[in-house]
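The file data_3.cif comes next; it holds mmCIF, C-alpha atoms.
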data_my_file
#
loop_
_atom_site.label_atom_id
_atom_site.label_comp_id
_atom_site.auth_asym_id
_atom_site.auth_seq_id
_atom_site.Cartn_x
_atom_site.Cartn_y
_atom_site.Cartn_z
CA MET A 268 248.69 -107.62 -8.52
CA LEU A 269 246.35 -106.73 -11.36
CA ASN A 270 244.16 -109.49 -12.72
CA SER A 271 243.81 -110.23 -16.42
CA SER A 272 241.01 -107.71 -16.87
CA SER A 273 243.39 -104.77 -16.57
CA ILE A 274 243.41 -102.71 -19.73
CA SER A 275 246.29 -102.00 -22.07
CA ARG A 276 246.35 -100.03 -25.29
CA CYS A 277 245.36 -103.09 -27.33
CA ASN A 278 241.84 -104.15 -28.35
CA ILE A 279 240.67 -100.54 -28.67
CA LYS A 280 238.84 -99.99 -31.93
CA SER A 281 237.23 -97.14 -33.82
CA TYR A 282 233.49 -96.93 -34.48
CA PRO A 283 233.06 -94.27 -37.18
CA GLN A 284 229.54 -95.51 -37.94
CA SER A 285 228.31 -94.31 -34.54
CA ALA A 286 226.92 -90.81 -34.03
CA GLN A 287 228.16 -91.08 -30.44
CA PHE A 288 231.81 -91.58 -31.54
CA ASP A 289 233.86 -88.49 -32.40
CA GLY A 290 236.78 -90.35 -33.93
CA LYS A 291 238.54 -90.89 -30.60
CA ARG A 292 235.93 -91.44 -27.91
CA PHE A 293 232.25 -91.92 -27.26
CA ASN A 294 230.32 -88.96 -25.90
CA ASN A 295 227.14 -88.23 -24.02
CA LYS A 296 224.45 -86.06 -25.53
CA ILE A 297 225.20 -83.57 -22.72
CA PRO A 298 228.90 -83.18 -21.74
CA ARG A 299 229.85 -84.35 -18.25
CA GLN A 300 230.49 -81.81 -15.54
CA GLN A 301 234.19 -81.45 -14.83
CA LEU A 302 235.56 -81.16 -11.31
CA GLY A 303 238.54 -78.87 -10.75
CA LEU A 304 241.85 -80.16 -9.44
CA THR A 305 241.03 -79.01 -5.91
CA GLU A 306 237.64 -80.71 -5.99
CA LEU A 307 239.15 -83.90 -7.40
CA ALA A 308 241.88 -83.95 -4.77
CA LYS A 309 239.30 -83.53 -2.02
CA LEU A 310 237.17 -86.28 -3.50
CA PHE A 311 240.06 -88.76 -3.52
CA TRP A 312 241.03 -87.68 0.00
CA ASP A 313 237.48 -88.23 1.22
CA PHE A 314 237.34 -91.71 -0.33
CA ALA A 315 240.69 -92.67 1.22
CA PHE A 316 240.49 -91.05 4.64
CA ASN A 317 237.12 -89.43 5.29
CA LYS A 318 234.45 -92.08 4.75
CA PRO A 319 231.48 -91.60 7.08
CA LYS A 320 230.09 -94.36 9.27
CA ASN A 321 227.46 -96.86 8.13
CA THR A 322 228.35 -96.94 4.44
CA VAL A 323 228.62 -100.71 5.02
CA PRO A 324 226.00 -102.68 6.99
CA GLU A 325 227.13 -103.85 10.42
CA THR A 326 225.53 -107.27 10.02
CA ALA A 327 224.73 -109.55 7.11
CA LEU A 328 221.70 -108.51 5.09
CA PRO A 329 218.66 -110.80 4.75
CA LEU A 330 219.24 -113.16 1.87
CA ILE A 331 217.25 -115.90 0.19
CA LYS A 332 219.57 -118.58 -1.14
CA LEU A 333 218.81 -119.82 -4.63
CA ASP A 334 219.53 -123.01 -6.52
CA ALA A 335 218.73 -124.33 -9.98
CA GLN A 336 215.80 -126.40 -8.69
CA GLN A 337 214.10 -123.33 -7.22
CA LEU A 338 214.64 -121.42 -10.44
CA ALA A 339 213.21 -124.26 -12.51
CA ALA A 340 210.06 -124.21 -10.35
CA ALA A 341 209.71 -120.41 -10.54
CA ALA A 342 206.99 -118.85 -12.64
CA ASP A 343 207.84 -117.53 -16.07
CA ASN A 344 208.23 -113.74 -16.39
CA SER A 345 210.12 -113.57 -13.10
CA VAL A 346 213.18 -111.63 -12.01
CA PHE A 347 215.54 -112.45 -9.15
CA ARG A 348 217.63 -109.86 -7.33
CA LEU A 349 221.26 -111.04 -7.16
CA GLY A 350 222.80 -107.82 -5.83
CA HIS A 351 223.83 -104.41 -7.19
CA SER A 352 222.79 -104.38 -10.88
CA SER A 353 222.94 -108.16 -11.33
CA LEU A 354 219.49 -109.56 -12.09
CA LEU A 355 218.41 -112.99 -13.28
CA PHE A 356 215.39 -112.96 -15.57
CA LYS A 357 213.28 -116.00 -16.42
CA MET A 358 211.61 -115.20 -19.73
CA GLN A 359 209.95 -117.76 -22.00
CA GLY A 360 211.40 -120.48 -19.79
CA LYS A 361 214.98 -119.30 -20.38
CA TYR A 362 217.39 -117.37 -18.17
CA TRP A 363 219.04 -114.03 -18.82
CA LEU A 364 221.59 -112.21 -16.64
CA THR A 365 222.18 -108.47 -16.49
CA ASP A 366 225.58 -107.03 -15.56
CA PRO A 367 226.68 -110.16 -13.67
CA VAL A 368 229.28 -109.61 -10.95
CA PHE A 369 229.80 -112.60 -8.66
CA THR A 370 233.30 -111.86 -7.36
CA GLN A 371 234.14 -110.49 -3.94
CA ARG A 372 235.37 -107.10 -5.19
CA ALA A 373 234.31 -104.70 -7.93
CA SER A 374 237.91 -103.94 -8.76
CA PRO A 375 240.87 -104.90 -10.96
CA PHE A 376 242.56 -106.05 -7.75
CA LYS A 377 241.75 -109.18 -5.75
CA TRP A 378 242.93 -107.59 -2.51
CA PHE A 379 241.81 -103.96 -2.83
CA GLY A 380 238.70 -102.12 -3.92
CA PRO A 381 234.98 -102.12 -3.12
CA LYS A 382 234.11 -105.39 -1.39
CA ARG A 383 230.63 -106.82 -1.65
CA PHE A 384 228.64 -106.86 1.56
CA GLN A 385 228.03 -110.62 1.28
CA PRO A 386 228.18 -113.34 -1.37
CA ALA A 387 225.62 -113.55 -4.15
CA PRO A 388 222.54 -115.65 -3.32
CA ILE A 389 223.55 -118.34 -5.82
CA ALA A 390 227.00 -119.57 -6.80
CA LEU A 391 228.03 -119.31 -10.42
CA GLU A 392 228.35 -123.08 -10.74
CA ASP A 393 224.77 -123.52 -9.50
CA LEU A 394 223.21 -121.32 -12.17
CA PRO A 395 221.03 -123.04 -14.78
CA PRO A 396 222.03 -122.80 -18.46
CA ILE A 397 222.05 -119.11 -19.40
CA GLU A 398 220.36 -118.04 -22.61
CA GLY A 399 222.03 -114.65 -22.63
CA ILE A 400 224.00 -111.98 -20.78
CA ILE A 401 223.00 -108.33 -21.14
CA LEU A 402 225.73 -105.77 -20.40
CA SER A 403 225.27 -102.03 -19.95
CA HIS A 404 228.92 -100.87 -19.84
CA ASP A 405 232.46 -101.86 -18.90
CA HIS A 406 232.87 -100.61 -15.31
CA TYR A 407 234.09 -103.15 -12.76
CA ASP A 408 230.85 -103.19 -10.77
CA HIS A 409 228.96 -104.15 -13.95
CA LEU A 410 231.43 -106.19 -15.99
CA ASP A 411 233.62 -108.66 -14.14
CA TYR A 412 236.38 -110.56 -15.92
CA HIS A 413 236.33 -113.66 -13.71
CA THR A 414 232.54 -113.93 -13.86
CA ILE A 415 232.59 -113.72 -17.66
CA LEU A 416 235.32 -116.37 -17.86
CA GLN A 417 233.11 -118.79 -15.95
CA LEU A 418 230.04 -117.98 -18.03
CA LYS A 419 231.50 -117.61 -21.51
CA ASP A 420 230.92 -121.26 -22.44
CA ARG A 421 227.59 -121.54 -20.62
CA ALA A 422 225.74 -118.59 -22.19
CA ARG A 423 224.41 -118.62 -25.77
CA TYR A 424 224.27 -114.86 -26.34
CA PHE A 425 226.07 -111.74 -25.14
CA LEU A 426 224.40 -108.38 -25.82
CA THR A 427 226.61 -105.33 -25.35
CA PRO A 428 227.04 -101.70 -26.37
CA LEU A 429 229.69 -100.94 -29.00
CA GLY A 430 233.21 -101.84 -27.94
CA VAL A 431 232.28 -103.98 -24.95
CA GLY A 432 231.82 -106.94 -27.28
CA ASP A 433 235.34 -106.48 -28.62
CA LEU A 434 236.62 -106.54 -25.05
CA LEU A 435 234.78 -109.82 -24.45
CA ILE A 436 236.36 -111.32 -27.57
CA SER A 437 239.81 -110.46 -26.17
CA TRP A 438 238.78 -112.37 -23.02
CA GLY A 439 237.97 -115.47 -25.01
CA VAL A 440 234.22 -115.17 -25.58
CA ALA A 441 233.33 -116.62 -28.99
CA GLN A 442 232.70 -113.83 -31.49
CA GLU A 443 229.61 -115.53 -32.92
CA LYS A 444 227.92 -115.29 -29.52
CA ILE A 445 228.30 -111.51 -29.32
CA THR A 446 226.01 -108.80 -30.62
CA GLN A 447 227.21 -105.25 -29.91
CA LEU A 448 224.89 -102.38 -30.65
CA ASP A 449 224.83 -98.62 -30.94
CA TRP A 450 222.06 -96.59 -29.31
CA TRP A 451 218.66 -97.38 -30.83
CA GLU A 452 219.92 -100.53 -32.55
CA SER A 453 218.24 -103.80 -31.65
CA GLU A 454 218.41 -107.57 -31.79
CA ASN A 455 215.52 -110.04 -31.79
CA ILE A 456 216.16 -113.34 -30.01
CA GLY A 457 213.40 -115.88 -29.65
CA GLY A 458 210.66 -113.29 -30.00
CA ILE A 459 212.19 -110.88 -27.48
CA HIS A 460 213.31 -107.52 -28.84
CA PHE A 461 216.42 -106.11 -27.13
CA VAL A 462 217.04 -102.42 -27.86
CA ALA A 463 220.23 -100.65 -26.78
CA THR A 464 218.85 -97.32 -25.60
CA PRO A 465 220.80 -94.23 -24.49
CA SER A 466 222.12 -93.45 -21.02
CA GLN A 467 224.11 -90.56 -19.55
CA HIS A 468 227.30 -92.12 -18.22
CA PHE A 469 230.91 -92.94 -19.21
CA SER A 470 233.24 -95.92 -19.60
CA GLY A 471 236.76 -97.12 -18.93
CA ARG A 472 238.66 -99.80 -17.01
CA GLY A 473 242.15 -98.31 -17.00
CA ILE A 474 244.37 -95.37 -17.87
CA PHE A 475 244.22 -95.60 -21.65
CA ASP A 476 240.62 -96.53 -22.47
CA SER A 477 238.50 -93.66 -21.13
CA ASN A 478 235.22 -93.58 -23.12
CA LYS A 479 236.61 -95.92 -25.76
CA ARG A 480 233.55 -98.17 -25.34
CA LEU A 481 229.92 -97.16 -25.37
CA TRP A 482 227.45 -97.37 -22.45
CA CYS A 483 223.71 -97.92 -22.72
CA SER A 484 220.43 -98.85 -21.14
CA TRP A 485 218.22 -101.67 -22.47
CA SER A 486 214.58 -101.81 -23.49
CA ILE A 487 213.41 -105.43 -23.47
CA ILE A 488 210.15 -105.96 -25.34
CA SER A 489 207.97 -108.92 -26.23
CA ASP A 490 204.30 -109.49 -27.03
CA ASP A 491 203.77 -110.14 -23.30
CA PHE A 492 205.90 -107.53 -21.52
CA ARG A 493 207.94 -104.35 -21.73
CA LEU A 494 210.92 -103.95 -19.39
CA PHE A 495 213.54 -101.24 -18.98
CA PHE A 496 217.00 -101.93 -17.54
CA GLY A 497 218.76 -98.65 -16.90
CA GLY A 498 222.36 -99.66 -16.23
CA ASP A 499 224.07 -96.51 -14.91
CA SER A 500 222.95 -93.01 -15.81
CA GLY A 501 222.51 -89.48 -14.67
CA TYR A 502 219.10 -87.96 -15.25
CA PHE A 503 218.63 -86.64 -18.81
CA ASP A 504 215.90 -86.13 -21.38
CA GLY A 505 216.67 -89.51 -22.93
CA PHE A 506 214.35 -91.17 -20.41
CA LYS A 507 211.36 -89.27 -21.79
CA GLN A 508 212.44 -90.12 -25.34
CA ILE A 509 212.70 -93.81 -24.47
CA GLY A 510 209.35 -93.72 -22.68
CA ASN A 511 207.66 -92.07 -25.66
CA LYS A 512 209.18 -94.60 -28.06
CA PHE A 513 208.84 -97.87 -26.14
CA GLY A 514 206.60 -97.26 -23.11
CA PRO A 515 204.56 -97.93 -21.19
CA PHE A 516 206.93 -100.33 -19.41
CA ASP A 517 205.63 -102.98 -17.03
CA MET A 518 208.69 -102.59 -14.83
CA ALA A 519 211.70 -100.24 -14.84
CA PHE A 520 214.93 -101.37 -13.18
CA LEU A 521 216.58 -98.06 -12.35
CA GLU A 522 219.78 -97.05 -10.61
CA ASN A 523 219.31 -95.96 -7.00
CA GLY A 524 222.60 -95.98 -5.12
CA ALA A 525 226.25 -94.84 -5.19
CA TYR A 526 225.08 -91.27 -5.74
CA ASP A 527 226.51 -87.92 -4.71
CA ARG A 528 225.78 -84.36 -5.82
CA ARG A 529 229.37 -84.11 -7.08
CA TRP A 530 228.62 -86.71 -9.76
CA ALA A 531 224.86 -86.38 -10.14
CA ASP A 532 225.22 -85.99 -13.91
CA ILE A 533 226.32 -89.65 -14.23
CA HIS A 534 224.60 -91.30 -11.22
CA MET A 535 221.05 -90.30 -10.37
CA LEU A 536 220.07 -88.99 -6.96
CA PRO A 537 216.91 -90.67 -5.59
CA GLN A 538 214.72 -87.79 -6.71
CA ASP A 539 216.20 -88.15 -10.20
CA THR A 540 215.34 -91.85 -10.23
CA ILE A 541 211.72 -90.91 -9.55
CA LYS A 542 211.76 -88.37 -12.41
CA ALA A 543 213.29 -90.96 -14.77
CA PHE A 544 210.62 -93.48 -13.79
CA ILE A 545 207.86 -91.00 -14.54
CA ASP A 546 209.47 -90.10 -17.88
CA LEU A 547 209.63 -93.76 -18.84
CA ASN A 548 205.88 -94.17 -18.28
CA ALA A 549 206.40 -97.35 -16.26
CA LYS A 550 204.00 -99.17 -13.95
CA TRP A 551 206.44 -100.52 -11.34
CA LEU A 552 209.83 -99.30 -10.14
CA PHE A 553 212.50 -101.84 -9.18
CA PRO A 554 215.49 -99.93 -7.69
CA ILE A 555 218.93 -101.46 -8.37
CA HIS A 556 222.62 -100.50 -7.89
CA ASN A 557 222.41 -100.70 -4.09
CA ALA A 558 222.91 -103.00 -1.08
CA ALA A 559 226.04 -104.70 -2.45
CA PHE A 560 229.08 -102.38 -2.69
CA ASP A 561 230.27 -99.27 -0.86
CA LEU A 562 230.78 -96.83 -3.74
CA ALA A 563 229.82 -93.44 -2.30
CA PHE A 564 229.42 -91.51 0.97
CA HIS A 565 225.79 -92.13 1.87
CA GLN A 566 224.72 -94.71 4.43
CA TRP A 567 224.22 -98.09 2.82
CA ASP A 568 220.44 -98.06 3.38
CA ASP A 569 219.86 -94.42 2.44
CA PRO A 570 218.90 -95.29 -1.18
CA LEU A 571 216.27 -97.74 0.05
CA ASN A 572 214.76 -95.39 2.62
CA GLN A 573 214.74 -92.41 0.28
CA ILE A 574 213.23 -94.17 -2.71
CA VAL A 575 210.41 -95.67 -0.64
CA ALA A 576 209.54 -92.28 0.85
CA LEU A 577 209.67 -90.52 -2.52
CA ALA A 578 207.62 -93.25 -4.18
CA GLN A 579 204.94 -92.95 -1.51
CA GLU A 580 204.75 -89.19 -2.07
CA GLN A 581 204.28 -89.71 -5.81
CA GLN A 582 202.01 -92.78 -5.41
CA ILE A 583 204.49 -94.91 -7.35
CA ASN A 584 204.47 -98.69 -7.10
CA VAL A 585 207.90 -99.85 -5.97
CA SER A 586 209.17 -103.43 -5.76
CA MET A 587 211.98 -103.96 -3.23
CA PRO A 588 212.62 -107.71 -2.91
CA GLN A 589 215.28 -109.14 -0.65
CA ILE A 590 218.52 -110.31 -2.21
CA GLY A 591 217.73 -113.66 -3.80
CA GLN A 592 213.99 -113.07 -3.85
CA GLY A 593 212.02 -113.48 -7.05
CA VAL A 594 209.31 -111.16 -8.36
CA GLN A 595 206.81 -111.79 -11.15
CA PHE A 596 207.27 -108.58 -13.10
CA LEU A 597 203.75 -108.66 -14.57
CA GLN A 598 202.18 -109.34 -11.16
CA PRO A 599 204.51 -107.74 -8.60
CA GLN A 600 203.67 -106.92 -5.02
CA GLN A 601 204.98 -104.35 -2.59
CA GLU A 602 207.27 -106.17 -0.17
CA LYS A 603 207.69 -105.25 3.47
CA PRO A 604 210.92 -103.36 4.25
CA TRP A 605 213.66 -105.93 4.91
CA TRP A 606 216.53 -103.58 5.63
#

When written as structure tokens, how does the structure in this file appear?
Amino acid sequence: MLNSSSISRCNIKSYPQSAQFDGKRFNNKIPRQQLGLTELAKLFWDFAFNKPKNTVPETALPLIKLDAQQLAAAADNSVFRLGHSSLLFKMQGKYWLTDPVFTQRASPFKWFGPKRFQPAPIALEDLPPIEGIILSHDHYDHLDYHTILQLKDRARYFLTPLGVGDLLISWGVAQEKITQLDWWESENIGGIHFVATPSQHFSGRGIFDSNKRLWCSWSIISDDFRLFFGGDSGYFDGFKQIGNKFGPFDMAFLENGAYDRRWADIHMLPQDTIKAFIDLNAKWLFPIHNAAFDLAFHQWDDPLNQIVALAQEQQINVSMPQIGQGVQFLQPQQEKPWW
């Protein structure tokens, strides 16, 4: 049975003011590569019947459980790894969530679809008051209906790319809480500048809404710090443009997981993540989009092993905290491998 986040033809709007919108759909700067019917059929067959071993960990991963008291005692300018692309930032004494997914599956179905390796390190009901939620796009592993329903009355602000805010309104989020932005547009909240920056990806939650909503990355800037949250993206020249415009970044949270050469234009391979980090002119790399869901064909820990090795070759500082662990993003440290 589909849950209420399944998509129908309603609530799809036009955004003629956007250079990314062609009158029907949003588009990347560089068109996506298209797989032929034979390649697509093989891909679906492989997902259904030909998954390799070890795409899911055999035992529970190390996890540091969190509660509101711990978060209240944490230093300002901290970030906590919640799993996949869900991060909890403590900035100026207030809490911000990115792409929060707390449910068991990244799927429109409760009984089918990618299942998280283990629960999040903090329950939704135990979260402190949330200042804002930052969303990169509408895919199920980044935007979860049931999570939003539980947070819609507890968060003051929702920052989204174009179209995603309209979807949230249809879910019952108050319109006055939502700011939806095109690429390069920004919003200032409490002295923090949130810029919706480009990414190379796509959108859609059902049959009828392919690329009807925009996708983005986020540059988060204050007098004290500069952060980059990449969302999902293939490697493209936009990273260099963002780095030139808003860098140097203190920390870049970049996708490193669920990759495959067949879709490298929309999900970076580990070597692409390194190139994006260099383009962004960042000081520390914090890899995300891993260790939570089985969304590809690589072993679950391959992203972690590869990114550490590549970072060592390039003398890049990489922060790899355990799930639930906090990091001070202006004073990070290199953690010991936990996987």

Answer key for the PyMOL selection byres ((chain A and resi 337) around 12), residues as a list in words: Ile331, Lys332, Leu333, Asp334, Ala335, Gln336, Leu338, Ala339, Ala340, Ala341, Ala342, Phe347, Lys357, Ile389, Asp393, Leu394, Pro395, Gly591, Gln592 and Gly593 of chain A

Per-axis box centre and lengths in Å around stretch 303-306 of chain A, 4 Å margin per side, axis-aligned, as AutoDock Vina command-line options:
--center_x 239.7 --center_y -79.8 --center_z -8.3 --size_x 12.2 --size_y 9.8 --size_z 12.8

To test your reading of the syntax: which residues would the PyMOL selection byres ((chain A and resi 532-545) around 6) return for the file shown? Reply as a CSV table (one decimal) with C-alpha atoms, in the coordinates of the input.
chain,number,residue,atom,x,y,z
A,467,GLN,CA,224.1,-90.6,-19.6
A,468,HIS,CA,227.3,-92.1,-18.2
A,500,SER,CA,223.0,-93.0,-15.8
A,501,GLY,CA,222.5,-89.5,-14.7
A,502,TYR,CA,219.1,-88.0,-15.2
A,506,PHE,CA,214.4,-91.2,-20.4
A,523,ASN,CA,219.3,-96.0,-7.0
A,526,TYR,CA,225.1,-91.3,-5.7
A,530,TRP,CA,228.6,-86.7,-9.8
A,531,ALA,CA,224.9,-86.4,-10.1
A,546,ASP,CA,209.5,-90.1,-17.9
A,547,LEU,CA,209.6,-93.8,-18.8
A,548,ASN,CA,205.9,-94.2,-18.3
A,574,ILE,CA,213.2,-94.2,-2.7

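Between atom CA of A:Glu325 and atom CA of A:Asp411 the separation is 25.9 Å.
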
Residue neighbourhood stretch 494-499 of chain A, 8 Å, only C-alpha atoms, exclusion window fewer than 5 positions, as a VMD selection string: chain A and resid 352 403 to 404 466 to 468 483 to 488 516 to 522 533 to 534

Residues selected by the PyMOL selection byres ((chain A and resi 458) around 10), written as a PyMOL selection string: chain A and resi 359+454-457+459-461+488-490

For atom CA of A:Gln595 and atom CA of A:Phe356, the interatomic separation in Å (one decimal): 9.7 Å

Residue nearest A:Trp605 - candidates A:Arg480, A:Glu452, A:Gly505, A:Ala327, atoms counted: only C-alpha atoms: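 Residue with the minimum atom-to-atom distance to A:Trp605: A:Ala327.
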
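Interatomic distance, atom CA of A:Phe425 to atom CA of A:Thr446: 6.2 Å.
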
Nearby residues (only C-alpha atoms) at most 12 Å from A:Asp313, same-chain spacing under 6 positions excluded, as a list in words: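 Within the cut-off, the hits are Glu306, Leu307, Pro319, Leu562, Ala563 and Phe564 of chain A.
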
Could you produce a table of the residues of stretch 270-344 of chain A lying within 12 Å of stretch 550-560 of chain A, with the nearest pair of atoms per residue and their separation in Å rounded to one decimal, using all atoms listed in the file, ordered by chain and increasing residue number, as a tab-separated table?
residue	atom	partner	partner_atom	distance
A:Asn321	CA	A:Ala558	CA	12.0
A:Thr322	CA	A:Phe560	CA	9.0
A:Val323	CA	A:Phe560	CA	7.9
A:Pro324	CA	A:Ala558	CA	8.6
A:Ala327	CA	A:Ala558	CA	10.6
A:Leu328	CA	A:Ala558	CA	8.4
A:Pro329	CA	A:Ala558	CA	10.6
A:Leu330	CA	A:Ala558	CA	11.2

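Shortest atom-to-atom contact with A:Asp476 among A:Leu577, A:Ala286, A:Val346, A:Ile279: A:Ile279, counting all atoms listed in the file.
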
Nearest-residue call for A:Ser477, choices A:Arg423, A:His413, A:Arg383, A:His406, using only C-alpha atoms: A:His406
